[in-house]
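Enquirer: Dumping the structure here so I can ask a few things about it.
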Amino acid sequence: MAQPLNSLHDQVAERLRSLIFAGELAPGSLVDEVQLCEAWSISRTPLREALKVLSAEGLVRHEPRRGCFVNEVTEQDLDDIFPVIALLEGRCAHEAASHASEADIQAMALLHDQLQAHAQAGQIPDYYATNYAIHEAIIAMAGNKWLAMAIGDLRKILKLARLQQLNAPGRLAQSLHEHMAIFSAIQAHDPPAAEAAMREHLTQQREALRSLRASQSNRWSPAPVVSQNPTSHFKALAI
């Protein structure tokens with residue numbers, strides 16, 4: 001039985017996000033609709049519907065008579081986005097400190113134990129994963145779907161920049177210290193302190209990225225070499 005169109009274009013949108021976030025479709029590159037339709041055995045309609053979704057998310061842009069291109073994140077974009085996401089996640093921390101149950105606190109304590117262990121071992125990928133889980137837990141505790149939606153949309157844009165702020169000198173230890181301050185405020189059910197600590201955490205992330213950029217002679221590190229064929233990892237798509 002044929003899948004409903006909305007289900008198919010949702011799947012196509014998710015595949016496109018995966019290609020973009022993995023670097024298979026690099027910032028500034030053209031989304032080759034003909035190639036993708038042939039590789040995925042789909043028509044242009046679900047692909048174009050998917051591209052509309054990604055355009056609304058800010059991941060791609062449509063240029064008349066040229067097609068869709070993966071968006072690029074500039075330094076100005078980062079300067080504009082980080083204060084906004086700091087406000088939003090700060091409010092989440094405020095709400096989390098108000099609503100956190102004893103079970104929530106216990107679960108957060110385990111995550112922070114893991115975070116500390118990863119920091120001490122210098123395991124940056126594992127630290128990133130646990131860091132993400134902590135931020136997600138705080139958003140969940142806040143219980144505000146509109147905050148969660150807005151933060152999710154901004155995170156997608158930031159993900160385009162392939163940020164690695166923990167590689168800045170001293171940033172790993174600093175990040176851990178900031179996270180412990182946030183957790184301490186949530187544990188104490190102190191909403192203003194939790195909000196202030198989260199906003200400081202996000203502000204310092206931006207400063208770490210700025211420092212890292214300066215240490216690399218005002219340029220990003222070269223992007224990893226990726227396949228010239230963005231469909232190479234998707235030979236057997238279940239869509």
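Convention: chains lettered A, B, ... in structure tokens order; per-chain residue numbering from 1; ligands numbered from 1 as shown.
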Can you list, as a count of residues only, all residues belonging to region 67-184 of chain A that DSSP tags as strand (DSSP E)?
Expert: 4
Enquirer: Run DSSP on the backbone and grab whatever in region 46-114 of chain A lands in helix (DSSP H, G or I); send it over as a ChimeraX atom specification.
Expert: /A:46-57,75-99,102-114
Enquirer: If you count only C-alpha atoms, which residues fall within 8 Å of Glu89 (chain A), apart from same-chain ones fewer than 3 positions away, as a ChimeraX atom specification?
Expert: /A:85-86,92-93,139,147,151,195,198-199
Enquirer: What would the file look like if the residues just selected were written as a tab-separated table (two decimals), in the first residue's frame with all heavy atoms?
Expert:
chain	number	residue	atom	x	y	z
A	85	ILE	N	18.89	32.07	22.25
A	85	ILE	CA	18.79	30.73	22.82
A	85	ILE	C	19.17	30.76	24.30
A	85	ILE	O	18.66	29.96	25.09
A	85	ILE	CB	19.64	29.72	22.02
A	85	ILE	CG1	19.14	28.29	22.28
A	85	ILE	CG2	21.13	29.85	22.33
A	85	ILE	CD1	19.69	27.26	21.32
A	86	ALA	N	20.03	31.70	24.70
A	86	ALA	CA	20.36	31.85	26.13
A	86	ALA	C	19.13	32.28	26.91
A	86	ALA	O	18.88	31.78	28.02
A	86	ALA	CB	21.49	32.85	26.31
A	92	CYS	N	13.86	27.98	30.53
A	92	CYS	CA	13.65	26.55	30.82
A	92	CYS	C	14.26	26.18	32.16
A	92	CYS	O	13.65	25.45	32.95
A	92	CYS	CB	14.26	25.70	29.71
A	92	CYS	SG	13.25	25.54	28.24
A	93	ALA	N	15.46	26.65	32.42
A	93	ALA	CA	16.11	26.34	33.69
A	93	ALA	C	15.32	26.93	34.85
A	93	ALA	O	15.19	26.31	35.92
A	93	ALA	CB	17.54	26.87	33.69
A	139	ILE	N	14.81	20.96	29.60
A	139	ILE	CA	13.69	21.39	28.77
A	139	ILE	C	12.43	20.59	29.10
A	139	ILE	O	11.34	21.15	29.20
A	139	ILE	CB	14.05	21.25	27.27
A	139	ILE	CG1	15.14	22.27	26.90
A	139	ILE	CG2	12.81	21.46	26.39
A	139	ILE	CD1	15.75	22.03	25.54
A	147	LEU	N	8.51	26.71	24.32
A	147	LEU	CA	9.94	26.90	24.54
A	147	LEU	C	10.73	25.79	23.86
A	147	LEU	O	11.74	26.03	23.21
A	147	LEU	CB	10.25	26.91	26.05
A	147	LEU	CG	10.14	28.24	26.79
A	147	LEU	CD1	10.36	28.01	28.28
A	147	LEU	CD2	11.12	29.25	26.26
A	151	ILE	N	13.49	26.38	20.89
A	151	ILE	CA	14.87	25.96	21.11
A	151	ILE	C	15.29	24.92	20.07
A	151	ILE	O	16.40	24.98	19.52
A	151	ILE	CB	15.04	25.39	22.54
A	151	ILE	CG1	14.90	26.52	23.57
A	151	ILE	CG2	16.40	24.70	22.70
A	151	ILE	CD1	14.74	26.03	24.99
A	195	GLU	N	18.20	30.22	36.14
A	195	GLU	CA	18.09	30.97	34.88
A	195	GLU	C	19.38	31.73	34.59
A	195	GLU	O	19.89	31.70	33.46
A	195	GLU	CB	16.92	31.95	34.95
A	195	GLU	CG	16.73	32.75	33.69
A	195	GLU	CD	15.42	33.51	33.64
A	195	GLU	OE1	14.67	33.47	34.65
A	195	GLU	OE2	15.14	34.14	32.61
A	198	MET	N	22.17	29.28	33.54
A	198	MET	CA	22.01	28.77	32.18
A	198	MET	C	22.35	29.84	31.16
A	198	MET	O	23.02	29.56	30.14
A	198	MET	CB	20.59	28.27	31.96
A	198	MET	CG	20.33	27.72	30.56
A	198	MET	SD	21.36	26.27	30.16
A	198	MET	CE	20.36	24.97	30.92
A	199	ARG	N	21.92	31.07	31.39
A	199	ARG	CA	22.23	32.13	30.45
A	199	ARG	C	23.74	32.37	30.38
A	199	ARG	O	24.30	32.59	29.30
A	199	ARG	CB	21.49	33.40	30.85
A	199	ARG	CG	19.98	33.30	30.60
A	199	ARG	CD	19.22	34.51	31.09
A	199	ARG	NE	19.56	35.71	30.33
A	199	ARG	CZ	18.90	36.86	30.46
A	199	ARG	NH1	17.89	36.97	31.30
A	199	ARG	NH2	19.25	37.91	29.74
Enquirer: At most 10 Å is the cut-off: for each residue in region 29-147 of chain A with any atom that close to an atom of region 156-179 of chain A, write down the nearest atom pair and the distance in Å rounded to one decimal, counting only C-alpha atoms, chain first then increasing number, as a tab-separated table.
Expert:
residue	atom	partner	partner_atom	distance
A:Leu54	CA	A:Lys156	CA	9.9
A:Glu57	CA	A:Lys156	CA	7.6
A:Gly58	CA	A:Ile157	CA	6.5
A:Leu59	CA	A:Ile157	CA	6.4
A:Val60	CA	A:Ile157	CA	9.9
A:Val70	CA	A:Leu160	CA	8.9
A:Asn71	CA	A:Leu160	CA	7.7
A:Glu72	CA	A:Leu160	CA	7.0
A:Val73	CA	A:Ala161	CA	5.7
A:Thr74	CA	A:Ala161	CA	8.2
A:Glu75	CA	A:Ala161	CA	9.6
A:Asp77	CA	A:Leu158	CA	8.9
A:Leu78	CA	A:Leu158	CA	7.6
A:Ile81	CA	A:Leu158	CA	8.1
A:Phe82	CA	A:Leu158	CA	9.0
A:His112	CA	A:His179	CA	7.9
A:Leu115	CA	A:Leu176	CA	7.3
A:Gln116	CA	A:Leu176	CA	6.8
A:His118	CA	A:Leu172	CA	9.7
A:Ala119	CA	A:Leu172	CA	6.4
A:Gln120	CA	A:Ala173	CA	8.4
A:Gly122	CA	A:Leu172	CA	8.0
A:Gln123	CA	A:Leu172	CA	9.7
A:Ile124	CA	A:Leu166	CA	7.2
A:Pro125	CA	A:Leu166	CA	9.6
A:Tyr127	CA	A:Leu172	CA	8.7
A:Tyr128	CA	A:Leu166	CA	8.5
A:Asn131	CA	A:His179	CA	8.5
A:Ile134	CA	A:His179	CA	8.9
A:His135	CA	A:His179	CA	9.6
Enquirer: Just to confirm, what's the straight-line distance from CA of Val12 (chain A) to CA of Lys145 (chain A) in Å (one decimal)?
Expert: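 It comes out at 24.7 Å.
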Enquirer: Find, counting only C-alpha atoms, the residue in A:His99, A:Arg48, A:His201, A:Arg155 that gets nearest to Glu33 (chain A).
Expert: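 Closest to Glu33 (chain A), using only C-alpha atoms: A:Arg48.
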Enquirer: Go through A:Ala96, A:Ala56, A:Ala129, A:Met108 one by one, measure the shortest atom-to-atom distance of each to Asn144 (chain A) using only C-alpha atoms, and give the residue with the smallest value.
Expert: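 Distance minimum relative to Asn144 (chain A) lands on A:Ala96.
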Enquirer: As a PyMOL selection string, please: the residues near region 109-111 of chain A (cut-off 10 Å, only C-alpha atoms, same-chain neighbours under 3 positions excluded).
Expert: chain A and resi 103-106+114-117+130-131+133-134+137+180+183-184+187
